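> File start-v2.txt below, compact mmCIF, C-alpha atoms and all ligand atoms:
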```
# COMPACT_ATOMS: atom_id res chain seq x y z
CA MET A 1 16.32 -6.94 26.36
CA MET A 2 18.42 -3.90 27.12
CA ALA A 3 17.88 -1.18 29.70
CA ASP A 4 20.74 0.85 28.22
CA ASP A 5 22.30 -1.12 25.38
CA SER A 6 25.91 -0.04 24.77
CA THR A 7 25.99 -1.60 21.26
CA VAL A 8 25.86 1.04 18.51
CA SER A 9 24.10 -0.23 15.37
CA ASP A 10 24.82 1.39 12.05
CA VAL A 11 21.10 1.75 11.53
CA LEU A 12 18.06 1.48 13.80
CA ILE A 13 14.79 0.82 11.98
CA VAL A 14 11.48 1.44 13.75
CA GLY A 15 8.65 -0.76 12.43
CA ALA A 16 8.83 -4.24 10.89
CA GLY A 17 6.20 -3.80 8.17
CA PRO A 18 7.17 -4.13 4.48
CA ALA A 19 9.18 -0.87 4.43
CA GLY A 20 11.16 -1.68 7.59
CA SER A 21 11.88 -5.35 6.95
CA HIS A 22 12.77 -4.88 3.28
CA LEU A 23 15.10 -2.01 4.17
CA ALA A 24 16.68 -4.09 6.96
CA TYR A 25 17.33 -6.88 4.45
CA LEU A 26 18.87 -4.54 1.87
CA LEU A 27 21.12 -2.82 4.42
CA ALA A 28 22.28 -6.12 5.94
CA GLN A 29 23.19 -7.13 2.39
CA GLN A 30 25.43 -4.05 2.27
CA GLY A 31 27.22 -5.42 5.35
CA LEU A 32 25.72 -2.92 7.82
CA GLN A 33 24.76 -3.70 11.42
CA VAL A 34 21.02 -3.31 11.54
CA THR A 35 18.60 -3.39 14.47
CA ILE A 36 14.85 -3.34 13.86
CA ILE A 37 12.28 -2.77 16.60
CA ASP A 38 8.51 -3.18 16.52
CA LYS A 39 6.00 -2.39 19.21
CA GLN A 40 4.21 -5.66 18.50
CA ALA A 41 5.16 -9.34 18.83
CA PHE A 42 5.40 -11.11 15.45
CA PRO A 43 3.62 -12.49 13.56
CA ARG A 44 1.06 -9.71 14.02
CA ALA A 45 -2.16 -8.83 12.23
CA LYS A 46 -2.24 -5.73 10.00
CA VAL A 47 -5.35 -4.02 8.58
CA CYS A 48 -4.86 -4.36 4.81
CA GLY A 49 -6.64 -5.76 1.76
CA GLY A 50 -3.51 -7.78 1.08
CA GLY A 51 -3.59 -6.99 -2.65
CA LEU A 52 0.02 -7.23 -3.80
CA SER A 53 0.71 -5.79 -7.24
CA ARG A 54 3.10 -7.51 -9.62
CA LYS A 55 5.35 -4.47 -9.51
CA ALA A 56 5.69 -5.06 -5.75
CA MET A 57 6.48 -8.75 -6.31
CA ASP A 58 9.03 -7.81 -9.00
CA LEU A 59 10.67 -5.33 -6.65
CA LEU A 60 11.02 -8.00 -3.95
CA GLY A 61 12.44 -10.36 -6.56
CA PHE A 62 11.73 -13.72 -4.94
CA GLU A 63 8.96 -16.32 -5.04
CA LEU A 64 6.34 -15.81 -2.35
CA GLY A 65 5.61 -19.55 -2.10
CA ALA A 66 2.91 -20.39 0.45
CA ALA A 67 2.53 -16.71 1.40
CA MET A 68 0.67 -16.20 -1.90
CA HIS A 69 -3.02 -16.90 -1.30
CA GLN A 70 -4.37 -16.31 -4.83
CA PRO A 71 -2.69 -15.24 -8.05
CA ILE A 72 -4.90 -12.56 -9.64
CA GLY A 73 -5.34 -12.98 -13.38
CA GLY A 74 -8.50 -10.96 -13.93
CA ALA A 75 -10.38 -7.93 -12.67
CA ILE A 76 -14.16 -7.79 -12.44
CA LEU A 77 -15.12 -4.18 -13.11
CA THR A 78 -18.59 -3.09 -12.12
CA TYR A 79 -20.79 -0.24 -10.98
CA GLY A 80 -23.04 -1.51 -8.21
CA ASN A 81 -22.99 -5.09 -9.54
CA ARG A 82 -25.57 -4.13 -12.17
CA GLY A 83 -23.75 -6.01 -14.89
CA ALA A 84 -20.01 -6.46 -14.83
CA VAL A 85 -17.14 -6.95 -17.24
CA LEU A 86 -14.13 -9.18 -16.82
CA LYS A 87 -10.77 -7.66 -17.70
CA GLU A 88 -8.24 -10.41 -18.24
CA MET A 89 -4.88 -9.47 -16.70
CA GLN A 90 -2.52 -12.16 -17.95
CA PRO A 91 0.16 -12.81 -16.95
CA MET A 92 -0.70 -12.49 -13.27
CA ALA A 93 -0.99 -8.74 -12.55
CA ALA A 94 -1.20 -9.16 -8.79
CA CYS A 95 -1.77 -11.68 -6.02
CA THR A 96 -3.31 -11.69 -2.59
CA VAL A 97 -1.53 -12.24 0.70
CA VAL A 98 -2.45 -12.16 4.37
CA ARG A 99 -0.33 -9.51 5.99
CA SER A 100 0.54 -11.42 9.17
CA GLU A 101 2.16 -14.12 7.00
CA PHE A 102 3.65 -11.80 4.37
CA ASP A 103 5.23 -9.42 6.91
CA GLN A 104 6.58 -12.33 8.98
CA MET A 105 8.22 -13.74 5.85
CA LEU A 106 9.92 -10.41 5.03
CA LEU A 107 11.12 -10.08 8.63
CA GLU A 108 12.52 -13.63 8.69
CA ARG A 109 14.30 -12.93 5.42
CA ALA A 110 15.98 -9.90 7.02
CA CYS A 111 16.87 -11.78 10.22
CA ALA A 112 18.44 -14.57 8.16
CA LYS A 113 20.87 -11.90 6.87
CA GLY A 114 21.94 -11.05 10.43
CA VAL A 115 19.48 -8.28 11.34
CA ARG A 116 18.73 -8.04 15.08
CA PHE A 117 14.97 -7.87 15.78
CA CYS A 118 13.53 -6.53 19.05
CA PRO A 119 9.78 -7.31 19.31
CA GLU A 120 7.40 -5.52 21.70
CA THR A 121 9.72 -2.54 21.74
CA ALA A 122 8.04 0.79 21.04
CA PHE A 123 9.76 4.00 19.96
CA VAL A 124 9.36 6.76 22.54
CA ASP A 125 11.83 9.57 21.73
CA ALA A 126 15.21 10.30 20.15
CA ALA A 127 18.09 12.75 20.67
CA GLU A 128 20.86 13.41 18.14
CA SER A 129 24.53 13.90 18.91
CA ALA A 130 27.39 14.84 16.57
CA ASP A 131 28.01 11.29 15.36
CA GLY A 132 24.81 9.39 16.09
CA ILE A 133 21.40 9.18 17.62
CA SER A 134 20.19 7.87 20.94
CA VAL A 135 16.72 6.35 20.85
CA THR A 136 14.54 5.85 23.90
CA THR A 137 12.26 2.84 23.56
CA SER A 138 9.74 1.22 25.89
CA ARG A 139 12.51 -1.23 26.84
CA GLY A 140 15.49 1.04 27.17
CA ILE A 141 17.92 3.07 25.10
CA LEU A 142 19.37 2.05 21.73
CA ARG A 143 22.10 3.88 19.82
CA SER A 144 22.77 4.05 16.09
CA ARG A 145 24.16 6.27 13.35
CA LEU A 146 20.81 6.67 11.55
CA LEU A 147 17.18 6.26 12.68
CA LEU A 148 14.94 5.06 9.85
CA ALA A 149 11.24 5.36 10.66
CA ALA A 150 8.97 2.78 9.02
CA ASP A 151 6.39 2.75 11.78
CA GLY A 152 3.30 3.18 9.65
CA ALA A 153 0.57 5.71 9.00
CA ALA A 154 0.33 6.94 12.61
CA SER A 155 4.13 7.04 12.96
CA ALA A 156 5.25 7.89 16.49
CA VAL A 157 8.68 8.92 15.15
CA ARG A 158 7.09 11.37 12.71
CA ASN A 159 4.70 12.79 15.29
CA ARG A 160 7.49 13.26 17.83
CA LEU A 161 10.25 14.60 15.57
CA PHE A 162 8.51 16.16 12.53
CA GLY A 163 5.23 17.44 14.00
CA LYS A 164 1.74 15.97 14.09
CA ASP A 165 0.37 17.58 10.91
CA LEU A 166 2.96 16.47 8.33
CA VAL A 167 0.87 13.76 6.68
CA ALA A 168 -2.69 13.87 5.31
CA TYR A 169 -4.64 10.63 5.39
CA VAL A 170 -8.08 9.13 4.74
CA PRO A 171 -9.89 6.26 6.48
CA ALA A 172 -10.56 2.87 4.88
CA LEU A 173 -12.70 0.05 6.22
CA GLU A 174 -12.59 -3.65 5.42
CA ALA A 175 -14.32 -6.88 6.39
CA MET A 176 -12.90 -10.36 6.31
CA VAL A 177 -15.72 -12.61 5.15
CA TRP A 178 -15.59 -16.39 5.51
CA PRO A 179 -18.26 -17.23 2.93
CA GLU A 180 -20.63 -20.14 2.39
CA GLU A 181 -19.40 -23.24 0.53
CA GLY A 182 -18.48 -22.76 -3.12
CA ALA A 183 -18.35 -18.92 -3.13
CA LEU A 184 -14.54 -18.68 -3.31
CA GLU A 185 -14.39 -21.30 -6.06
CA ARG A 186 -16.99 -19.37 -8.10
CA PHE A 187 -14.94 -16.20 -7.73
CA GLY A 188 -11.72 -17.89 -8.84
CA GLN A 189 -8.56 -15.87 -9.39
CA ARG A 190 -10.31 -12.55 -9.87
CA ALA A 191 -10.34 -9.31 -7.90
CA LEU A 192 -13.50 -7.20 -8.02
CA PHE A 193 -13.55 -3.40 -8.22
CA ASP A 194 -16.96 -1.71 -7.77
CA PHE A 195 -16.91 2.01 -8.58
CA ASP A 196 -20.23 2.46 -6.80
CA GLY A 197 -18.89 0.68 -3.70
CA MET A 198 -18.23 3.95 -1.91
CA PRO A 199 -19.20 7.53 -2.90
CA HIS A 200 -16.26 9.04 -4.84
CA GLY A 201 -14.22 5.90 -4.25
CA TYR A 202 -14.48 2.18 -4.80
CA GLY A 203 -15.22 -1.10 -3.12
CA TRP A 204 -13.05 -4.20 -3.51
CA ILE A 205 -13.42 -7.93 -3.10
CA PHE A 206 -10.10 -9.78 -2.92
CA PRO A 207 -10.17 -13.59 -2.65
CA LYS A 208 -7.85 -15.30 -0.18
CA ARG A 209 -7.37 -19.02 0.39
CA ASP A 210 -10.26 -19.38 2.84
CA HIS A 211 -11.97 -15.96 2.96
CA PHE A 212 -12.66 -12.73 1.08
CA ASN A 213 -11.20 -9.38 2.02
CA VAL A 214 -13.90 -6.81 1.23
CA GLY A 215 -13.43 -3.08 1.72
CA VAL A 216 -14.24 0.51 0.81
CA TYR A 217 -11.98 3.49 0.22
CA SER A 218 -12.20 7.02 -1.16
CA PRO A 219 -9.25 9.36 -1.70
CA PHE A 220 -11.61 12.16 -0.62
CA GLY A 221 -12.11 10.51 2.76
CA GLY A 222 -15.71 10.32 3.90
CA THR A 223 -17.85 9.30 6.81
CA ALA A 224 -20.25 6.44 7.59
CA LEU A 225 -17.86 3.90 6.08
CA ARG A 226 -19.62 1.05 7.85
CA GLN A 227 -22.90 1.98 6.11
CA HIS A 228 -21.15 2.11 2.73
CA LEU A 229 -19.45 -1.23 3.37
CA ASP A 230 -22.77 -2.83 4.38
CA ARG A 231 -24.49 -1.47 1.24
CA PHE A 232 -21.59 -2.69 -0.90
CA THR A 233 -21.52 -6.21 0.53
CA ALA A 234 -25.33 -6.51 0.33
CA ALA A 235 -25.07 -6.29 -3.49
CA TYR A 236 -23.08 -9.54 -3.82
CA ALA A 237 -24.54 -13.04 -3.58
CA SER A 238 -21.07 -14.46 -2.85
CA LEU A 239 -20.97 -12.48 0.40
CA GLN A 240 -24.37 -13.51 1.76
CA ARG A 241 -24.86 -16.08 4.53
CA PRO A 242 -21.19 -16.02 5.65
CA HIS A 243 -19.86 -18.30 8.39
CA LYS A 244 -18.03 -15.40 10.02
CA VAL A 245 -17.30 -11.70 9.39
CA GLU A 246 -14.66 -9.52 11.07
CA TYR A 247 -14.46 -5.76 10.52
CA GLN A 248 -11.39 -3.59 10.84
CA GLY A 249 -10.47 -0.08 9.75
CA TYR A 250 -7.42 2.11 9.62
CA ILE A 251 -5.99 5.09 7.74
CA ILE A 252 -4.20 5.41 4.38
CA PRO A 253 -1.69 8.30 4.20
CA LEU A 254 -1.91 10.01 0.81
CA ALA A 255 0.26 13.11 1.11
CA ASN A 256 3.28 14.57 2.84
CA ARG A 257 2.17 18.20 3.21
CA ARG A 258 5.64 19.76 3.45
CA ARG A 259 7.51 17.20 1.34
CA LEU A 260 9.74 16.65 4.33
CA PHE A 261 11.20 13.17 4.49
CA GLN A 262 14.33 13.53 6.56
CA ARG A 263 15.63 15.71 9.34
CA GLY A 264 19.24 15.19 10.38
CA ARG A 265 19.78 11.53 11.16
CA VAL A 266 16.08 10.62 10.97
CA TRP A 267 14.43 9.48 7.71
CA LEU A 268 10.77 8.61 7.08
CA LEU A 269 9.72 5.66 4.90
CA GLY A 270 6.51 4.13 3.54
CA ASP A 271 3.29 5.08 5.32
CA ALA A 272 5.27 6.99 7.96
CA ALA A 273 6.38 9.34 5.16
CA GLY A 274 2.81 9.66 3.80
CA LEU A 275 3.57 7.79 0.57
CA ALA A 276 0.63 5.58 -0.39
CA GLU A 277 -1.02 6.24 -3.78
CA ALA A 278 -4.44 7.80 -4.20
CA LEU A 279 -5.99 5.89 -7.14
CA PHE A 280 -6.23 2.41 -5.57
CA GLY A 281 -4.99 3.20 -2.05
CA GLU A 282 -2.01 0.93 -2.74
CA GLY A 283 0.74 1.29 -0.15
CA ILE A 284 2.84 -1.88 -0.03
CA TYR A 285 4.69 -1.26 -3.30
CA PHE A 286 5.45 2.34 -2.31
CA ALA A 287 6.66 1.24 1.14
CA LEU A 288 9.02 -1.26 -0.52
CA LYS A 289 10.13 1.37 -3.04
CA THR A 290 11.05 3.86 -0.30
CA ALA A 291 13.13 1.08 1.27
CA THR A 292 15.05 0.52 -1.98
CA LEU A 293 15.64 4.27 -2.38
CA ALA A 294 16.85 4.63 1.24
CA ALA A 295 19.22 1.69 0.74
CA ARG A 296 20.54 3.28 -2.46
CA ALA A 297 21.05 6.61 -0.68
CA ILE A 298 23.04 4.91 2.09
CA ALA A 299 25.10 2.94 -0.44
CA ALA A 300 25.96 6.25 -2.17
CA ASP A 301 26.54 8.57 0.80
CA GLY A 302 27.15 6.27 3.78
CA LEU A 303 25.66 7.01 7.20
CA ARG A 304 26.24 10.77 7.17
CA GLY A 305 23.78 12.91 9.09
CA ASP A 306 23.90 15.64 6.43
CA SER A 307 23.20 13.52 3.33
CA MET A 308 20.09 14.57 1.39
CA ALA A 309 20.45 11.72 -1.12
CA TYR A 310 17.29 9.96 0.08
CA SER A 311 15.10 13.05 -0.37
CA ARG A 312 16.59 13.65 -3.81
CA LEU A 313 15.80 10.09 -4.90
CA LEU A 314 12.23 10.41 -3.62
CA GLN A 315 11.80 13.71 -5.48
CA ARG A 316 13.14 12.20 -8.67
CA GLU A 317 11.76 8.67 -8.71
CA LEU A 318 8.64 8.53 -6.59
CA LEU A 319 6.87 11.83 -5.95
CA PRO A 320 6.08 12.63 -9.61
CA GLU A 321 4.39 9.24 -9.92
CA LEU A 322 2.37 9.78 -6.75
CA ARG A 323 1.31 13.24 -7.93
CA ALA A 324 0.08 11.73 -11.20
CA ALA A 325 -1.75 9.01 -9.23
CA ASN A 326 -3.47 11.78 -7.31
CA TRP A 327 -4.60 13.46 -10.55
CA MET A 328 -5.84 10.12 -11.87
CA ALA A 329 -7.84 9.67 -8.65
CA GLN A 330 -9.43 13.11 -9.12
CA LEU A 331 -10.33 12.21 -12.68
CA VAL A 332 -11.88 8.85 -11.82
CA TYR A 333 -13.67 9.52 -8.53
CA ARG A 334 -14.87 13.13 -8.93
CA PHE A 335 -17.61 11.97 -11.35
CA PRO A 336 -17.55 8.20 -10.80
CA LYS A 337 -20.50 7.19 -12.98
CA LEU A 338 -19.16 9.09 -15.97
CA ALA A 339 -15.65 7.82 -15.32
CA PHE A 340 -16.89 4.24 -15.08
CA SER A 341 -18.71 4.28 -18.42
CA HIS A 342 -16.12 6.35 -20.31
CA LEU A 343 -12.81 5.47 -18.65
CA VAL A 344 -13.05 2.19 -16.78
CA LEU A 345 -15.00 0.44 -19.54
CA ASN A 346 -12.85 1.95 -22.28
CA GLN A 347 -10.64 -0.88 -23.51
CA ARG A 348 -7.53 1.22 -24.08
CA ILE A 349 -7.80 2.97 -20.77
CA ASN A 350 -8.55 -0.07 -18.65
CA GLN A 351 -5.59 -1.79 -20.29
CA ASP A 352 -3.45 1.08 -19.01
CA PHE A 353 -5.05 0.85 -15.56
CA ALA A 354 -4.15 -2.85 -15.46
CA GLY A 355 -0.62 -1.78 -16.45
CA LEU A 356 -0.48 0.48 -13.39
CA ILE A 357 -1.04 -2.54 -11.18
CA SER A 358 1.37 -4.85 -12.99
CA GLY A 359 3.99 -2.12 -13.35
CA GLU A 360 3.98 -2.10 -17.16
CA MET A 361 2.60 1.46 -17.16
CA GLY A 362 3.67 4.44 -15.05
CA TYR A 363 1.14 6.89 -13.56
CA ARG A 364 2.52 9.87 -15.49
CA ASP A 365 2.25 8.03 -18.81
CA CYS A 366 -1.22 6.80 -17.94
CA LEU A 367 -2.38 10.30 -17.01
CA ARG A 368 -0.93 11.76 -20.21
CA LYS A 369 -2.54 9.11 -22.40
CA THR A 370 -5.88 9.45 -20.62
CA LEU A 371 -5.91 13.24 -21.06
CA LEU A 372 -4.80 13.06 -24.70
CA GLY A 373 -7.68 10.66 -25.34
CA PHE A 374 -10.11 13.10 -23.71
CA PRO A 375 -12.12 14.02 -26.85
CA ARG A 376 -12.47 10.35 -27.78
CA TRP A 377 -13.56 9.10 -24.38
CA LEU A 378 -16.22 11.79 -24.10
CA MET A 379 -18.01 10.30 -27.08
CA PRO A 380 -20.69 7.66 -26.33
CA SER A 381 -18.79 4.57 -25.24
CA THR A 382 -18.56 1.57 -27.50
CA ALA A 383 -18.90 -1.97 -26.19
CA PRO A 384 -15.90 -2.86 -24.05
CA ASP A 385 -13.51 -5.56 -25.25
CA ALA A 386 -13.68 -7.18 -21.86
CA ALA A 387 -16.20 -10.02 -21.56
CA ARG A 388 -19.55 -9.19 -19.97
CA ILE A 389 -20.24 -11.54 -17.09
CA ASP A 390 -23.14 -12.25 -14.79
CA SER A 391 -23.36 -10.34 -11.56
CA CYS A 392 -21.39 -11.90 -8.70
C1 LIG B 1 -8.16 -0.93 4.97
C2 LIG B 1 -6.82 -0.89 4.24
C3 LIG B 1 -6.62 -1.70 3.14
C4 LIG B 1 -5.41 -1.65 2.44
N1 LIG B 1 -5.22 -2.49 1.38
C5 LIG B 1 -4.06 -2.47 0.70
C6 LIG B 1 -3.83 -3.37 -0.38
O1 LIG B 1 -4.68 -4.23 -0.70
N2 LIG B 1 -2.64 -3.29 -1.05
C7 LIG B 1 -1.68 -2.38 -0.71
O2 LIG B 1 -0.63 -2.32 -1.38
N3 LIG B 1 -1.86 -1.53 0.32
C8 LIG B 1 -3.00 -1.56 1.06
N4 LIG B 1 -3.16 -0.74 2.14
C9 LIG B 1 -2.04 0.13 2.55
C10 LIG B 1 -0.92 -0.69 3.23
O3 LIG B 1 -1.47 -1.46 4.27
C11 LIG B 1 0.17 0.22 3.80
O4 LIG B 1 0.48 1.22 2.85
C12 LIG B 1 1.44 -0.57 4.13
O5 LIG B 1 1.21 -1.48 5.17
C13 LIG B 1 2.58 0.38 4.54
O6 LIG B 1 3.69 -0.37 4.96
P1 LIG B 1 4.73 0.25 6.02
O7 LIG B 1 5.83 -0.74 6.13
O8 LIG B 1 5.05 1.65 5.67
O9 LIG B 1 3.91 0.32 7.42
P2 LIG B 1 3.12 -0.79 8.21
O10 LIG B 1 2.84 -1.96 7.39
O11 LIG B 1 1.97 -0.08 8.84
O12 LIG B 1 4.13 -1.25 9.36
C14 LIG B 1 4.43 -0.39 10.44
C15 LIG B 1 4.99 -1.21 11.60
O13 LIG B 1 5.43 -0.29 12.62
C16 LIG B 1 5.06 -0.78 13.89
N5 LIG B 1 4.96 0.38 14.80
C17 LIG B 1 4.02 1.33 14.84
N6 LIG B 1 4.29 2.22 15.81
C18 LIG B 1 5.43 1.82 16.40
C19 LIG B 1 6.23 2.33 17.48
N7 LIG B 1 5.87 3.44 18.15
N8 LIG B 1 7.35 1.67 17.83
C20 LIG B 1 7.72 0.54 17.17
N9 LIG B 1 7.01 0.01 16.15
C21 LIG B 1 5.89 0.64 15.77
C22 LIG B 1 3.73 -1.48 13.65
O14 LIG B 1 3.49 -2.45 14.66
C23 LIG B 1 3.95 -2.11 12.27
O15 LIG B 1 4.45 -3.43 12.37
C24 LIG B 1 -4.36 -0.77 2.86
C25 LIG B 1 -4.56 0.04 3.98
C26 LIG B 1 -5.78 -0.01 4.67
C27 LIG B 1 -5.99 0.87 5.89
```
Spell out the structure here as structure tokens.
Ligand SMILES: Cc1cc2nc3c(=O)[nH]c(=O)nc-3n(C[C@H](O)[C@H](O)[C@H](O)COP(=O)(O)OP(=O)(O)OC[C@H]3O[C@@H](n4cnc5c(N)ncnc54)[C@H](O)[C@@H]3O)c2cc1C

Amino acid sequence: MMADDSTVSDVLIVGAGPAGSHLAYLLAQQGLQVTIIDKQAFPRAKVCGGGLSRKAMDLLGFELGAAMHQPIGGAILTYGNRGAVLKEMQPMAACTVVRSEFDQMLLERACAKGVRFCPETAFVDAAESADGISVTTSRGILRSRLLLAADGAASAVRNRLFGKDLVAYVPALEAMVWPEEGALERFGQRALFDFDGMPHGYGWIFPKRDHFNVGVYSPFGGTALRQHLDRFTAAYASLQRPHKVEYQGYIIPLANRRRLFQRGRVWLLGDAAGLAEALFGEGIYFALKTATLAARAIAADGLRGDSMAYSRLLQRELLPELRAANWMAQLVYRFPKLAFSHLVLNQRINQDFAGLISGEMGYRDCLRKTLLGFPRWLMPSTAPDAARIDSC
């Protein structure tokens, strides 16, 4: 590729994850000239549970086809696998994907619209001029009118141009487990959430076509994640005697400390902006949502360096939901045992929680309803409507 490319794109996107590729697709649809760079060659692996909520699928608006590993029609809710209940979530509230395949599909979809992709090209620095921005990459200089940073939780663009302390994040650890014969079939189309899987957090088991993705996360952060993950996996028969296990960890960005999402011609999206949610650690939907809001802002205001339309849309349509998600996380994980017996097993409340995943319920509404029900859910809990099932 280029040493000093004289082509000026309308938009240069850094990072070909869900935020970057979806944005590239939407902007190409608007007829803009879009270049997207990624420091890695594609397809590339990405640390992620690969749980894709129905609201994320709806936002994408197309059939995932072979990229869908399992439709998820039920949630197994448990506290340390000492008895569990099955919450039916019909129609499909989520599905599982493997990120290398899912991200490749989104990138191909953008390229089919005319987006230029430069793999193995890392962002290094950027300098603005009156009518554009000049971006130094590991392979030379690229010019554009706007620089849209979708380069993930450890964003180099953010660190270089907005400062290193803008985003607060927590670690999460996962294992890919290729189990013994029959374990995946026994699990079926269910995702498991164990509220004793990690102190002040949860553990998950997501089934894929040929393996489980198993992980632990707490919005309060925490240490010794490997010990928690080992304790969590030891509680499940389905995870014993595996053929192969691979561990990987990364960070989930839960807050943008200064609510700063754009500076001149540079905008931050998805994880780079610090916009994952705290209750489940879900980030893909919010990455896609920032892409749709950035595309709307550009459709409204064009490629002006002084437009604040993107920040306004975030303030109006996304941040209040993420704040409510944060409150929900405080409510659930501060006293997890109490929350499990009185909130998670409460049929009305877990119906709302399922609605958060499918998109039928917003976080603000869910928080309001949960708080209004406070006197009722403090009373001794009645039997849940969900079916009790054997431990897994
Ligand atoms: C253990 C774990 C489990 C998770 N599980 C789930 C889950 O089940 N469901 C869910 O919704 N979310 C989950 N998340 C969160 C989710 O992975 C992220 O929120 C999501 O990937 C954010 O998408 P993005 O497009 O903003 O960034 P990313 O997907 O991180 O993409 C960023 C891209 O930028 C590229 N890049 C980075 N630096 C540079 C650079 N300097 N120059 C050029 N390119 C660069 C990277 O190579 C990458 O391709 C999980 C996170 C973790 C850590």
> Which residues are near ligand LIG 1 (chain B) - at most 7 Å, using only C-alpha atoms and all ligand atoms? Format: as a PyMOL selection string.
chain A and resi 14-20+37-40+46-53+121-124+150-157+171-174+215+249-252+269-272+276+281-285+287
> Which polymer residues have any atom within 9 Å of an atom of Leu27 in chain A, counting all atoms listed in the file, with same-chain residues fewer than 4 positions away left out, as a ChimeraX atom specification?
/A:11,22-23,31-34,115,295,298-299
> Taking into account all atoms listed in the file, which residue in the set A:Ala234, A:Leu319, A:Val177, A:Ala278 is nearest to Gly201 in chain A?
A:Ala278
> Do you have, as CSV, the list of residues of range 41-148 of chain A lying at most 9 Å from range 188-196 of chain A, each with its nearest atom pair and that distance in Å to one decimal, counting all atoms listed in the file and ordered by chain then number?

```
residue,atom,partner,partner_atom,distance
A:Gly51,CA,A:Ala191,CA,8.9
A:Gln70,CA,A:Gln189,CA,6.2
A:Pro71,CA,A:Gln189,CA,6.1
A:Ile72,CA,A:Gln189,CA,4.9
A:Gly73,CA,A:Gln189,CA,5.9
A:Gly74,CA,A:Arg190,CA,4.7
A:Ala75,CA,A:Ala191,CA,5.0
A:Ile76,CA,A:Leu192,CA,4.5
A:Leu77,CA,A:Phe193,CA,5.2
A:Thr78,CA,A:Asp194,CA,4.8
A:Tyr79,CA,A:Asp196,CA,5.0
A:Gly80,CA,A:Asp196,CA,5.1
A:Asn81,CA,A:Asp194,CA,7.1
A:Leu86,CA,A:Arg190,CA,8.6
A:Glu88,CA,A:Arg190,CA,8.9
A:Cys95,CA,A:Gln189,CA,8.7
```
> Just the number, please: distance in Å from CA of Leu318 in chain A to CA of Asp10 in chain A, one decimal.
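Spanning CA of Leu318 in chain A to CA of Asp10 in chain A is a straight-line distance of 25.7 Å.
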> Which is closest to Arg348 in chain A among A:Ala28, A:Ser134, A:Lys87, A:Asn159, if we use all atoms listed in the file?
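For Arg348 in chain A, the nearest of the candidates is A:Lys87.
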